[in-house]
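Undergrad: Structure supplied as work.txt; contents: compact mmCIF, N, CA and C atoms and all ligand atoms.
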```
# COMPACT_ATOMS: atom_id res chain seq x y z
N MET X 15 -9.01 -8.80 16.30
CA MET X 15 -9.15 -7.93 15.12
C MET X 15 -7.94 -7.00 14.98
N GLU X 16 -7.41 -6.95 13.78
CA GLU X 16 -6.29 -6.03 13.51
C GLU X 16 -6.71 -5.04 12.43
N GLN X 17 -5.99 -3.93 12.39
CA GLN X 17 -6.13 -3.00 11.27
C GLN X 17 -4.76 -2.84 10.61
N THR X 18 -4.78 -2.65 9.28
CA THR X 18 -3.54 -2.42 8.54
C THR X 18 -3.78 -1.36 7.48
N LEU X 19 -2.69 -0.74 7.01
CA LEU X 19 -2.83 0.29 5.98
C LEU X 19 -2.48 -0.28 4.61
N SER X 20 -3.35 0.00 3.65
CA SER X 20 -3.13 -0.39 2.26
C SER X 20 -3.05 0.85 1.39
N ILE X 21 -2.13 0.85 0.43
CA ILE X 21 -2.13 1.89 -0.61
C ILE X 21 -2.17 1.19 -1.96
N ILE X 22 -3.16 1.54 -2.78
CA ILE X 22 -3.16 1.14 -4.19
C ILE X 22 -2.34 2.21 -4.90
N LYS X 23 -1.18 1.80 -5.43
CA LYS X 23 -0.18 2.74 -5.94
C LYS X 23 -0.58 3.32 -7.30
N PRO X 24 0.12 4.38 -7.76
CA PRO X 24 -0.27 5.08 -8.99
C PRO X 24 -0.37 4.18 -10.23
N ASP X 25 0.45 3.15 -10.33
CA ASP X 25 0.39 2.28 -11.52
C ASP X 25 -0.95 1.56 -11.59
N ALA X 26 -1.41 1.04 -10.45
CA ALA X 26 -2.66 0.28 -10.43
C ALA X 26 -3.87 1.20 -10.59
N VAL X 27 -3.80 2.40 -10.00
CA VAL X 27 -4.88 3.37 -10.19
C VAL X 27 -4.98 3.74 -11.67
N ALA X 28 -3.83 4.01 -12.31
CA ALA X 28 -3.81 4.40 -13.72
C ALA X 28 -4.35 3.29 -14.63
N LYS X 29 -4.10 2.05 -14.23
CA LYS X 29 -4.57 0.89 -15.01
C LYS X 29 -6.06 0.64 -14.87
N GLY X 30 -6.68 1.26 -13.88
CA GLY X 30 -8.11 1.05 -13.67
C GLY X 30 -8.45 -0.25 -12.98
N VAL X 31 -7.59 -0.66 -12.03
CA VAL X 31 -7.86 -1.90 -11.31
C VAL X 31 -8.11 -1.68 -9.81
N ILE X 32 -8.56 -0.46 -9.46
CA ILE X 32 -8.90 -0.18 -8.05
C ILE X 32 -9.95 -1.19 -7.57
N GLY X 33 -11.02 -1.32 -8.33
CA GLY X 33 -12.12 -2.21 -7.93
C GLY X 33 -11.68 -3.66 -7.79
N LYS X 34 -10.86 -4.11 -8.75
CA LYS X 34 -10.40 -5.50 -8.69
C LYS X 34 -9.53 -5.76 -7.46
N ILE X 35 -8.70 -4.78 -7.11
CA ILE X 35 -7.85 -4.96 -5.93
C ILE X 35 -8.68 -4.89 -4.65
N LEU X 36 -9.62 -3.95 -4.56
CA LEU X 36 -10.47 -3.87 -3.37
C LEU X 36 -11.28 -5.16 -3.20
N ASP X 37 -11.67 -5.77 -4.33
CA ASP X 37 -12.41 -7.04 -4.26
C ASP X 37 -11.56 -8.14 -3.62
N ARG X 38 -10.25 -8.14 -3.89
CA ARG X 38 -9.38 -9.15 -3.26
C ARG X 38 -9.47 -9.03 -1.73
N PHE X 39 -9.48 -7.77 -1.26
CA PHE X 39 -9.54 -7.57 0.20
C PHE X 39 -10.89 -8.05 0.74
N GLU X 40 -11.97 -7.54 0.14
CA GLU X 40 -13.31 -7.84 0.67
C GLU X 40 -13.66 -9.32 0.53
N SER X 41 -13.14 -9.97 -0.51
CA SER X 41 -13.44 -11.40 -0.71
C SER X 41 -12.62 -12.29 0.21
N ASN X 42 -11.64 -11.71 0.89
CA ASN X 42 -10.76 -12.50 1.76
C ASN X 42 -10.82 -12.04 3.22
N GLY X 43 -11.95 -11.52 3.62
CA GLY X 43 -12.17 -11.24 5.04
C GLY X 43 -11.56 -9.95 5.55
N LEU X 44 -11.19 -9.06 4.64
CA LEU X 44 -10.68 -7.75 5.08
C LEU X 44 -11.73 -6.69 4.76
N ARG X 45 -12.22 -6.06 5.82
CA ARG X 45 -13.26 -5.03 5.69
C ARG X 45 -12.59 -3.68 5.48
N ILE X 46 -13.18 -2.84 4.63
CA ILE X 46 -12.63 -1.50 4.41
C ILE X 46 -13.19 -0.55 5.46
N ALA X 47 -12.34 -0.21 6.43
CA ALA X 47 -12.78 0.62 7.56
C ALA X 47 -12.63 2.10 7.27
N ALA X 48 -11.81 2.44 6.27
CA ALA X 48 -11.63 3.84 5.85
C ALA X 48 -11.02 3.80 4.46
N MET X 49 -11.31 4.86 3.66
CA MET X 49 -10.73 4.87 2.31
C MET X 49 -10.76 6.27 1.73
N LYS X 50 -9.70 6.63 0.99
CA LYS X 50 -9.71 7.89 0.23
C LYS X 50 -8.74 7.82 -0.94
N LYS X 51 -9.07 8.61 -1.98
CA LYS X 51 -8.19 8.73 -3.15
C LYS X 51 -7.47 10.07 -3.02
N VAL X 52 -6.14 10.03 -3.12
CA VAL X 52 -5.32 11.19 -2.80
C VAL X 52 -4.18 11.34 -3.80
N GLN X 53 -3.85 12.56 -4.17
CA GLN X 53 -2.59 12.84 -4.86
C GLN X 53 -1.58 13.20 -3.78
N LEU X 54 -0.61 12.34 -3.52
CA LEU X 54 0.39 12.62 -2.48
C LEU X 54 1.31 13.75 -2.92
N SER X 55 1.69 14.58 -1.98
CA SER X 55 2.75 15.57 -2.22
C SER X 55 4.09 14.87 -2.04
N ARG X 56 5.15 15.48 -2.56
CA ARG X 56 6.49 14.94 -2.36
C ARG X 56 6.80 14.83 -0.86
N GLN X 57 6.37 15.84 -0.12
CA GLN X 57 6.60 15.85 1.33
C GLN X 57 5.91 14.65 2.01
N ASP X 58 4.65 14.38 1.59
CA ASP X 58 3.92 13.21 2.11
C ASP X 58 4.70 11.93 1.85
N ALA X 59 5.12 11.76 0.59
CA ALA X 59 5.75 10.50 0.19
C ALA X 59 7.10 10.33 0.89
N GLU X 60 7.85 11.41 1.01
CA GLU X 60 9.15 11.33 1.69
C GLU X 60 8.97 10.97 3.16
N ALA X 61 7.97 11.56 3.79
CA ALA X 61 7.73 11.29 5.21
C ALA X 61 7.22 9.86 5.41
N PHE X 62 6.31 9.44 4.55
CA PHE X 62 5.73 8.09 4.69
C PHE X 62 6.81 7.02 4.53
N TYR X 63 7.73 7.23 3.58
CA TYR X 63 8.77 6.23 3.31
C TYR X 63 10.12 6.59 3.96
N ALA X 64 10.07 7.40 5.03
CA ALA X 64 11.31 7.86 5.69
C ALA X 64 12.22 6.70 6.10
N VAL X 65 11.65 5.53 6.45
CA VAL X 65 12.48 4.38 6.84
C VAL X 65 13.41 3.94 5.70
N HIS X 66 13.05 4.28 4.45
CA HIS X 66 13.84 3.86 3.30
C HIS X 66 14.77 4.96 2.79
N LYS X 67 14.90 6.05 3.57
CA LYS X 67 15.64 7.24 3.11
C LYS X 67 17.06 6.93 2.63
N ALA X 68 17.72 5.99 3.31
CA ALA X 68 19.12 5.70 2.96
C ALA X 68 19.26 4.71 1.79
N ARG X 69 18.14 4.13 1.35
CA ARG X 69 18.20 3.12 0.29
C ARG X 69 18.43 3.77 -1.07
N PRO X 70 19.13 3.07 -1.97
CA PRO X 70 19.45 3.66 -3.29
C PRO X 70 18.21 3.98 -4.12
N PHE X 71 17.09 3.27 -3.84
CA PHE X 71 15.89 3.47 -4.66
C PHE X 71 14.95 4.53 -4.09
N PHE X 72 15.37 5.22 -3.01
CA PHE X 72 14.45 6.15 -2.32
C PHE X 72 13.89 7.23 -3.25
N ASN X 73 14.76 7.89 -4.03
CA ASN X 73 14.27 8.98 -4.89
C ASN X 73 13.33 8.48 -5.97
N ASP X 74 13.65 7.32 -6.55
CA ASP X 74 12.77 6.73 -7.57
C ASP X 74 11.41 6.37 -6.95
N LEU X 75 11.47 5.85 -5.73
CA LEU X 75 10.24 5.45 -5.03
C LEU X 75 9.35 6.67 -4.79
N VAL X 76 9.95 7.76 -4.32
CA VAL X 76 9.17 8.99 -4.08
C VAL X 76 8.62 9.53 -5.40
N ASP X 77 9.46 9.59 -6.43
CA ASP X 77 8.99 10.05 -7.76
C ASP X 77 7.78 9.24 -8.21
N PHE X 78 7.89 7.93 -8.04
CA PHE X 78 6.79 7.06 -8.48
C PHE X 78 5.52 7.30 -7.66
N MET X 79 5.66 7.43 -6.35
CA MET X 79 4.47 7.56 -5.49
C MET X 79 3.73 8.88 -5.69
N VAL X 80 4.41 9.88 -6.27
CA VAL X 80 3.74 11.16 -6.54
C VAL X 80 3.37 11.29 -8.02
N SER X 81 3.57 10.23 -8.79
CA SER X 81 3.35 10.31 -10.25
C SER X 81 1.87 10.30 -10.63
N GLY X 82 0.99 10.03 -9.68
CA GLY X 82 -0.45 10.02 -9.94
C GLY X 82 -1.17 9.71 -8.64
N PRO X 83 -2.51 9.78 -8.65
CA PRO X 83 -3.25 9.54 -7.41
C PRO X 83 -3.12 8.10 -6.90
N VAL X 84 -3.32 7.96 -5.61
CA VAL X 84 -3.30 6.65 -4.95
C VAL X 84 -4.62 6.48 -4.18
N VAL X 85 -4.95 5.24 -3.86
CA VAL X 85 -6.12 4.96 -3.02
C VAL X 85 -5.62 4.35 -1.72
N ILE X 86 -5.89 5.06 -0.64
CA ILE X 86 -5.38 4.65 0.67
C ILE X 86 -6.54 4.11 1.50
N SER X 87 -6.35 2.94 2.09
CA SER X 87 -7.44 2.42 2.91
C SER X 87 -6.92 1.77 4.19
N VAL X 88 -7.81 1.72 5.16
CA VAL X 88 -7.57 0.96 6.38
C VAL X 88 -8.36 -0.33 6.25
N LEU X 89 -7.66 -1.46 6.32
CA LEU X 89 -8.29 -2.77 6.22
C LEU X 89 -8.37 -3.38 7.60
N GLU X 90 -9.50 -4.00 7.90
CA GLU X 90 -9.71 -4.56 9.23
C GLU X 90 -10.15 -6.01 9.13
N GLY X 91 -9.59 -6.84 9.99
CA GLY X 91 -9.99 -8.24 10.02
C GLY X 91 -9.05 -9.03 10.89
N GLU X 92 -9.30 -10.35 11.00
CA GLU X 92 -8.42 -11.21 11.77
C GLU X 92 -7.06 -11.31 11.06
N ASN X 93 -5.98 -11.12 11.79
CA ASN X 93 -4.63 -11.18 11.20
C ASN X 93 -4.50 -10.29 9.97
N ALA X 94 -5.09 -9.10 10.03
CA ALA X 94 -5.17 -8.23 8.84
C ALA X 94 -3.79 -7.90 8.27
N VAL X 95 -2.79 -7.70 9.12
CA VAL X 95 -1.47 -7.30 8.62
C VAL X 95 -0.89 -8.39 7.73
N LEU X 96 -0.84 -9.62 8.27
CA LEU X 96 -0.26 -10.74 7.51
C LEU X 96 -1.14 -11.15 6.34
N LYS X 97 -2.46 -11.11 6.55
CA LYS X 97 -3.37 -11.50 5.47
C LYS X 97 -3.19 -10.58 4.27
N ASN X 98 -3.09 -9.26 4.54
CA ASN X 98 -2.88 -8.32 3.44
C ASN X 98 -1.55 -8.58 2.74
N ARG X 99 -0.48 -8.84 3.52
CA ARG X 99 0.83 -9.12 2.92
C ARG X 99 0.76 -10.39 2.06
N ASP X 100 0.01 -11.39 2.50
CA ASP X 100 -0.15 -12.62 1.70
C ASP X 100 -0.90 -12.32 0.41
N LEU X 101 -1.96 -11.53 0.50
CA LEU X 101 -2.74 -11.20 -0.71
C LEU X 101 -1.90 -10.39 -1.68
N MET X 102 -0.99 -9.53 -1.16
CA MET X 102 -0.15 -8.67 -2.00
C MET X 102 0.87 -9.47 -2.80
N GLY X 103 1.52 -10.43 -2.17
CA GLY X 103 2.62 -11.16 -2.80
C GLY X 103 3.95 -10.44 -2.59
N ALA X 104 5.02 -11.06 -3.10
CA ALA X 104 6.38 -10.55 -2.88
C ALA X 104 6.58 -9.16 -3.50
N THR X 105 7.51 -8.40 -2.90
CA THR X 105 7.81 -7.03 -3.35
C THR X 105 8.10 -6.98 -4.85
N ASN X 106 8.90 -7.95 -5.33
CA ASN X 106 9.19 -8.03 -6.76
C ASN X 106 8.12 -8.90 -7.43
N PRO X 107 7.29 -8.31 -8.28
CA PRO X 107 6.19 -9.08 -8.90
C PRO X 107 6.67 -10.33 -9.61
N LYS X 108 7.92 -10.33 -10.08
CA LYS X 108 8.45 -11.51 -10.76
C LYS X 108 8.61 -12.68 -9.79
N GLU X 109 8.70 -12.38 -8.51
CA GLU X 109 8.83 -13.42 -7.48
C GLU X 109 7.52 -13.67 -6.73
N ALA X 110 6.48 -12.91 -7.08
CA ALA X 110 5.22 -13.01 -6.35
C ALA X 110 4.46 -14.29 -6.76
N ALA X 111 3.88 -14.96 -5.77
CA ALA X 111 3.15 -16.20 -6.03
C ALA X 111 1.94 -15.95 -6.93
N ALA X 112 1.61 -16.97 -7.73
CA ALA X 112 0.45 -16.87 -8.64
C ALA X 112 -0.80 -16.54 -7.84
N GLY X 113 -1.62 -15.68 -8.41
CA GLY X 113 -2.88 -15.33 -7.76
C GLY X 113 -2.78 -14.18 -6.78
N THR X 114 -1.56 -13.69 -6.52
CA THR X 114 -1.44 -12.54 -5.63
C THR X 114 -1.64 -11.25 -6.43
N ILE X 115 -1.91 -10.17 -5.71
CA ILE X 115 -2.19 -8.88 -6.35
C ILE X 115 -1.00 -8.45 -7.21
N ARG X 116 0.20 -8.58 -6.66
CA ARG X 116 1.37 -8.14 -7.43
C ARG X 116 1.63 -9.03 -8.64
N ALA X 117 1.40 -10.32 -8.51
CA ALA X 117 1.58 -11.21 -9.67
C ALA X 117 0.58 -10.84 -10.77
N ASP X 118 -0.62 -10.48 -10.37
CA ASP X 118 -1.69 -10.26 -11.36
C ASP X 118 -1.72 -8.83 -11.92
N PHE X 119 -1.29 -7.83 -11.13
CA PHE X 119 -1.50 -6.45 -11.55
C PHE X 119 -0.23 -5.59 -11.62
N ALA X 120 0.95 -6.11 -11.22
CA ALA X 120 2.15 -5.27 -11.17
C ALA X 120 3.13 -5.64 -12.28
N GLU X 121 3.90 -4.66 -12.70
CA GLU X 121 4.86 -4.85 -13.80
C GLU X 121 6.26 -5.18 -13.29
N ASN X 122 6.72 -4.43 -12.31
CA ASN X 122 8.11 -4.56 -11.85
C ASN X 122 8.24 -4.06 -10.42
N ILE X 123 9.46 -4.15 -9.86
CA ILE X 123 9.65 -3.83 -8.44
C ILE X 123 9.44 -2.34 -8.15
N ASP X 124 9.58 -1.49 -9.16
CA ASP X 124 9.35 -0.06 -8.95
C ASP X 124 7.85 0.26 -8.92
N ALA X 125 7.13 -0.35 -9.85
CA ALA X 125 5.69 -0.12 -9.96
C ALA X 125 4.98 -1.41 -9.59
N ASN X 126 4.79 -1.61 -8.28
CA ASN X 126 4.33 -2.93 -7.83
C ASN X 126 2.94 -2.90 -7.19
N ALA X 127 2.11 -1.98 -7.64
CA ALA X 127 0.64 -2.00 -7.44
C ALA X 127 0.13 -1.65 -6.04
N VAL X 128 0.77 -2.18 -5.01
CA VAL X 128 0.23 -1.98 -3.66
C VAL X 128 1.32 -1.82 -2.60
N HIS X 129 0.95 -1.09 -1.55
CA HIS X 129 1.72 -1.04 -0.31
C HIS X 129 0.89 -1.70 0.77
N GLY X 130 1.53 -2.37 1.71
CA GLY X 130 0.84 -2.87 2.89
C GLY X 130 1.76 -2.78 4.09
N SER X 131 1.21 -2.40 5.23
CA SER X 131 2.02 -2.33 6.47
C SER X 131 2.68 -3.67 6.72
N ASP X 132 3.92 -3.65 7.26
CA ASP X 132 4.65 -4.90 7.46
C ASP X 132 4.61 -5.42 8.90
N SER X 133 3.98 -4.67 9.82
CA SER X 133 3.84 -5.14 11.20
C SER X 133 2.68 -4.39 11.84
N LEU X 134 2.18 -4.91 12.94
CA LEU X 134 1.07 -4.26 13.64
C LEU X 134 1.50 -2.88 14.14
N GLU X 135 2.75 -2.81 14.60
CA GLU X 135 3.28 -1.53 15.11
C GLU X 135 3.33 -0.48 13.98
N ASN X 136 3.87 -0.89 12.82
CA ASN X 136 3.92 0.06 11.70
C ASN X 136 2.54 0.37 11.15
N ALA X 137 1.63 -0.59 11.22
CA ALA X 137 0.25 -0.34 10.77
C ALA X 137 -0.35 0.83 11.54
N ALA X 138 -0.18 0.83 12.87
CA ALA X 138 -0.75 1.90 13.70
C ALA X 138 -0.14 3.25 13.32
N ILE X 139 1.18 3.26 13.07
CA ILE X 139 1.87 4.51 12.70
C ILE X 139 1.37 4.98 11.34
N GLU X 140 1.26 4.06 10.37
CA GLU X 140 0.86 4.43 9.01
C GLU X 140 -0.60 4.86 8.94
N ILE X 141 -1.47 4.20 9.71
CA ILE X 141 -2.88 4.60 9.73
C ILE X 141 -3.00 6.01 10.29
N ALA X 142 -2.28 6.29 11.37
CA ALA X 142 -2.35 7.63 11.99
C ALA X 142 -1.75 8.70 11.07
N PHE X 143 -0.83 8.30 10.19
CA PHE X 143 -0.22 9.24 9.24
C PHE X 143 -1.27 9.77 8.27
N PHE X 144 -2.19 8.93 7.85
CA PHE X 144 -3.15 9.31 6.80
C PHE X 144 -4.58 9.57 7.27
N PHE X 145 -4.99 9.01 8.42
CA PHE X 145 -6.40 9.11 8.82
C PHE X 145 -6.55 9.61 10.24
N SER X 146 -7.60 10.42 10.45
CA SER X 146 -7.98 10.79 11.81
C SER X 146 -8.98 9.75 12.31
N GLY X 147 -9.16 9.68 13.60
CA GLY X 147 -10.06 8.69 14.19
C GLY X 147 -11.46 8.75 13.59
N ARG X 148 -11.95 9.96 13.32
CA ARG X 148 -13.34 10.07 12.84
C ARG X 148 -13.53 9.62 11.40
N GLU X 149 -12.41 9.37 10.69
CA GLU X 149 -12.51 8.87 9.31
C GLU X 149 -12.56 7.34 9.25
N ILE X 150 -12.38 6.70 10.42
CA ILE X 150 -12.31 5.24 10.46
C ILE X 150 -13.56 4.71 11.16
N SER X 151 -14.29 3.82 10.49
CA SER X 151 -15.50 3.29 11.13
C SER X 151 -15.80 1.89 10.58
P1 LIG R 201 7.20 -3.81 0.45
O1 LIG R 201 6.43 -2.76 -0.31
O2 LIG R 201 6.96 -5.19 -0.12
O3 LIG R 201 6.97 -3.74 1.94
P2 LIG R 201 9.80 -2.58 0.96
O4 LIG R 201 11.06 -3.32 1.10
O5 LIG R 201 9.17 -1.99 2.19
O6 LIG R 201 8.75 -3.53 0.18
O7 LIG R 201 10.06 -1.41 -0.10
C1 LIG R 201 9.12 -0.37 -0.27
C2 LIG R 201 8.93 -0.13 -1.74
O8 LIG R 201 10.15 0.35 -2.31
C3 LIG R 201 8.59 -1.38 -2.56
O9 LIG R 201 7.22 -1.70 -2.57
C4 LIG R 201 9.07 -1.00 -3.94
O10 LIG R 201 8.12 -0.17 -4.61
C5 LIG R 201 10.31 -0.17 -3.62
N1 LIG R 201 11.50 -1.01 -3.65
C6 LIG R 201 11.92 -1.89 -2.75
N2 LIG R 201 13.07 -2.48 -3.09
C7 LIG R 201 13.39 -1.95 -4.28
C8 LIG R 201 14.49 -2.14 -5.18
O11 LIG R 201 15.39 -2.94 -4.95
N3 LIG R 201 14.47 -1.39 -6.30
C9 LIG R 201 13.48 -0.50 -6.60
N4 LIG R 201 12.42 -0.29 -5.77
C10 LIG R 201 12.39 -1.00 -4.63
MG MG R 202 7.46 -2.25 3.29
```
Could you quickly redo this structure as C-alpha cells?
TA:
Amino acid sequence: MEQTLSIIKPDAVAKGVIGKILDRFESNGLRIAAMKKVQLSRQDAEAFYAVHKARPFFNDLVDFMVSGPVVISVLEGENAVLKNRDLMGATNPKEAAAGTIRADFAENIDANAVHGSDSLENAAIEIAFFFSGREIS
C-alpha cells in the first residue's frame, strides 16, 4: 500500500469538477485517506513548489495556485503514486492521453487541473506538508 498527495487545482475547483475528479480516484482503486479544501497562501504555494524556484514559470505557477481554493487529498492504494500519475495524464493537457483527468478537464499547461506526487519519497514530504497524522485515516 502506498499513499500519494493529490491537489485539485484552482481551475478545476472553479469549473465545478471536484466530484468528477474524485470519482476517477475512487473508481480506480485509490481510497481517499484525508481531504480538505483550502485557499493556499503565497507562502504555502512558494514552499510547496520550492523545487521549481529556478524555473521560468515559477511566479506564474504560484500566482495560479493562489488564484482560488484547492482540494488537497491523500490517496491510498496499491502503486498509488504511479496510478495517480497515470490517471492525471501528461503535464501539458495537449499531450495527455485520452480519458485522463488532464485531457478531460484541463485547458493548458498553466491551468492543468491536478497535482500529483512524482515519487514515493516526495509523496511522504508533500503529505507531511499539508496533513498531520491525526487527519489521515
Ligand atoms: P507535474 O505537475 O506534471 O508533476 P511539473 O514538471 O512538476 O509537472 O511542474 C509543476 C507544475 O508547473 C505543472 O503542473 C504546471 O502547472 C507547471 N508547469 C510545468 N512546466 C511548465 C511550463 O513549461 N510552463 C508553464 N507551467 C509549467
Ligand atoms: Mg511535479
Undergrad: I need the residues of chain X that end up classed as alpha helix (DSSP H) by DSSP on the backbone, written out as a compact mmCIF listing (two decimals) with N, CA and C atoms, in the frame of the given file.
TA:
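Dumped to part.txt:
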```txt
# COMPACT_ATOMS: atom_id res chain seq x y z
N PRO X 24 0.12 4.38 -7.76
CA PRO X 24 -0.27 5.08 -8.99
C PRO X 24 -0.37 4.18 -10.23
N ASP X 25 0.45 3.15 -10.33
CA ASP X 25 0.39 2.28 -11.52
C ASP X 25 -0.95 1.56 -11.59
N ALA X 26 -1.41 1.04 -10.45
CA ALA X 26 -2.66 0.28 -10.43
C ALA X 26 -3.87 1.20 -10.59
N VAL X 27 -3.80 2.40 -10.00
CA VAL X 27 -4.88 3.37 -10.19
C VAL X 27 -4.98 3.74 -11.67
N ALA X 28 -3.83 4.01 -12.31
CA ALA X 28 -3.81 4.40 -13.72
C ALA X 28 -4.35 3.29 -14.63
N LYS X 29 -4.10 2.05 -14.23
CA LYS X 29 -4.57 0.89 -15.01
C LYS X 29 -6.06 0.64 -14.87
N ILE X 32 -8.56 -0.46 -9.46
CA ILE X 32 -8.90 -0.18 -8.05
C ILE X 32 -9.95 -1.19 -7.57
N GLY X 33 -11.02 -1.32 -8.33
CA GLY X 33 -12.12 -2.21 -7.93
C GLY X 33 -11.68 -3.66 -7.79
N LYS X 34 -10.86 -4.11 -8.75
CA LYS X 34 -10.40 -5.50 -8.69
C LYS X 34 -9.53 -5.76 -7.46
N ILE X 35 -8.70 -4.78 -7.11
CA ILE X 35 -7.85 -4.96 -5.93
C ILE X 35 -8.68 -4.89 -4.65
N LEU X 36 -9.62 -3.95 -4.56
CA LEU X 36 -10.47 -3.87 -3.37
C LEU X 36 -11.28 -5.16 -3.20
N ASP X 37 -11.67 -5.77 -4.33
CA ASP X 37 -12.41 -7.04 -4.26
C ASP X 37 -11.56 -8.14 -3.62
N ARG X 38 -10.25 -8.14 -3.89
CA ARG X 38 -9.38 -9.15 -3.26
C ARG X 38 -9.47 -9.03 -1.73
N PHE X 39 -9.48 -7.77 -1.26
CA PHE X 39 -9.54 -7.57 0.20
C PHE X 39 -10.89 -8.05 0.74
N GLU X 40 -11.97 -7.54 0.14
CA GLU X 40 -13.31 -7.84 0.67
C GLU X 40 -13.66 -9.32 0.53
N SER X 41 -13.14 -9.97 -0.51
CA SER X 41 -13.44 -11.40 -0.71
C SER X 41 -12.62 -12.29 0.21
N ARG X 56 5.15 15.48 -2.56
CA ARG X 56 6.49 14.94 -2.36
C ARG X 56 6.80 14.83 -0.86
N GLN X 57 6.37 15.84 -0.12
CA GLN X 57 6.60 15.85 1.33
C GLN X 57 5.91 14.65 2.01
N ASP X 58 4.65 14.38 1.59
CA ASP X 58 3.92 13.21 2.11
C ASP X 58 4.70 11.93 1.85
N ALA X 59 5.12 11.76 0.59
CA ALA X 59 5.75 10.50 0.19
C ALA X 59 7.10 10.33 0.89
N GLU X 60 7.85 11.41 1.01
CA GLU X 60 9.15 11.33 1.69
C GLU X 60 8.97 10.97 3.16
N ALA X 61 7.97 11.56 3.79
CA ALA X 61 7.73 11.29 5.21
C ALA X 61 7.22 9.86 5.41
N PHE X 62 6.31 9.44 4.55
CA PHE X 62 5.73 8.09 4.69
C PHE X 62 6.81 7.02 4.53
N PHE X 72 15.37 5.22 -3.01
CA PHE X 72 14.45 6.15 -2.32
C PHE X 72 13.89 7.23 -3.25
N ASN X 73 14.76 7.89 -4.03
CA ASN X 73 14.27 8.98 -4.89
C ASN X 73 13.33 8.48 -5.97
N ASP X 74 13.65 7.32 -6.55
CA ASP X 74 12.77 6.73 -7.57
C ASP X 74 11.41 6.37 -6.95
N LEU X 75 11.47 5.85 -5.73
CA LEU X 75 10.24 5.45 -5.03
C LEU X 75 9.35 6.67 -4.79
N VAL X 76 9.95 7.76 -4.32
CA VAL X 76 9.17 8.99 -4.08
C VAL X 76 8.62 9.53 -5.40
N ASP X 77 9.46 9.59 -6.43
CA ASP X 77 8.99 10.05 -7.76
C ASP X 77 7.78 9.24 -8.21
N PHE X 78 7.89 7.93 -8.04
CA PHE X 78 6.79 7.06 -8.48
C PHE X 78 5.52 7.30 -7.66
N MET X 79 5.66 7.43 -6.35
CA MET X 79 4.47 7.56 -5.49
C MET X 79 3.73 8.88 -5.69
N ALA X 94 -5.09 -9.10 10.03
CA ALA X 94 -5.17 -8.23 8.84
C ALA X 94 -3.79 -7.90 8.27
N VAL X 95 -2.79 -7.70 9.12
CA VAL X 95 -1.47 -7.30 8.62
C VAL X 95 -0.89 -8.39 7.73
N LEU X 96 -0.84 -9.62 8.27
CA LEU X 96 -0.26 -10.74 7.51
C LEU X 96 -1.14 -11.15 6.34
N LYS X 97 -2.46 -11.11 6.55
CA LYS X 97 -3.37 -11.50 5.47
C LYS X 97 -3.19 -10.58 4.27
N ASN X 98 -3.09 -9.26 4.54
CA ASN X 98 -2.88 -8.32 3.44
C ASN X 98 -1.55 -8.58 2.74
N ARG X 99 -0.48 -8.84 3.52
CA ARG X 99 0.83 -9.12 2.92
C ARG X 99 0.76 -10.39 2.06
N ASP X 100 0.01 -11.39 2.50
CA ASP X 100 -0.15 -12.62 1.70
C ASP X 100 -0.90 -12.32 0.41
N LEU X 101 -1.96 -11.53 0.50
CA LEU X 101 -2.74 -11.20 -0.71
C LEU X 101 -1.90 -10.39 -1.68
N MET X 102 -0.99 -9.53 -1.16
CA MET X 102 -0.15 -8.67 -2.00
C MET X 102 0.87 -9.47 -2.80
N ILE X 115 -1.91 -10.17 -5.71
CA ILE X 115 -2.19 -8.88 -6.35
C ILE X 115 -1.00 -8.45 -7.21
N ARG X 116 0.20 -8.58 -6.66
CA ARG X 116 1.37 -8.14 -7.43
C ARG X 116 1.63 -9.03 -8.64
N ALA X 117 1.40 -10.32 -8.51
CA ALA X 117 1.58 -11.21 -9.67
C ALA X 117 0.58 -10.84 -10.77
N ASP X 118 -0.62 -10.48 -10.37
CA ASP X 118 -1.69 -10.26 -11.36
C ASP X 118 -1.72 -8.83 -11.92
N PHE X 119 -1.29 -7.83 -11.13
CA PHE X 119 -1.50 -6.45 -11.55
C PHE X 119 -0.23 -5.59 -11.62
N LEU X 134 2.18 -4.91 12.94
CA LEU X 134 1.07 -4.26 13.64
C LEU X 134 1.50 -2.88 14.14
N GLU X 135 2.75 -2.81 14.60
CA GLU X 135 3.28 -1.53 15.11
C GLU X 135 3.33 -0.48 13.98
N ASN X 136 3.87 -0.89 12.82
CA ASN X 136 3.92 0.06 11.70
C ASN X 136 2.54 0.37 11.15
N ALA X 137 1.63 -0.59 11.22
CA ALA X 137 0.25 -0.34 10.77
C ALA X 137 -0.35 0.83 11.54
N ALA X 138 -0.18 0.83 12.87
CA ALA X 138 -0.75 1.90 13.70
C ALA X 138 -0.14 3.25 13.32
N ILE X 139 1.18 3.26 13.07
CA ILE X 139 1.87 4.51 12.70
C ILE X 139 1.37 4.98 11.34
N GLU X 140 1.26 4.06 10.37
CA GLU X 140 0.86 4.43 9.01
C GLU X 140 -0.60 4.86 8.94
N ILE X 141 -1.47 4.20 9.71
CA ILE X 141 -2.88 4.60 9.73
C ILE X 141 -3.00 6.01 10.29
N ALA X 142 -2.28 6.29 11.37
CA ALA X 142 -2.35 7.63 11.99
C ALA X 142 -1.75 8.70 11.07
N PHE X 143 -0.83 8.30 10.19
CA PHE X 143 -0.22 9.24 9.24
C PHE X 143 -1.27 9.77 8.27
N PHE X 144 -2.19 8.93 7.85
CA PHE X 144 -3.15 9.31 6.80
C PHE X 144 -4.58 9.57 7.27
```
Undergrad: Pick out the closest residue to ligand LIG 201 (chain R) from this set: X:Glu149, X:Glu40, X:Glu16, X:Asp77. Count only C-alpha atoms and all ligand atoms.
TA: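 Checking each of X:Glu149, X:Glu40, X:Glu16, X:Asp77 against ligand LIG 201 (chain R), counting only C-alpha atoms and all ligand atoms, the winner is X:Asp77.
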Undergrad: With only N, CA and C atoms and all ligand atoms counted, collect every polymer residue having an atom within 7 Å of ligand MG 202 (chain R); state the result as a ChimeraX atom specification.
TA: /X:129-132
Undergrad: Residues within 8 Å of ligand LIG 201 (chain R) (all atoms listed in the file), as a ChimeraX atom specification?
TA: /X:63,66,70-72,74-76,99,102-106,122-132
Undergrad: Nearest to Pro83 in chain X among X:Ala64, X:Ala117, X:Ala110, X:Ile32, with distances taken over only C-alpha atoms: which residue is it?
TA: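 Using only C-alpha atoms, the shortest distance to Pro83 in chain X belongs to X:Ile32.
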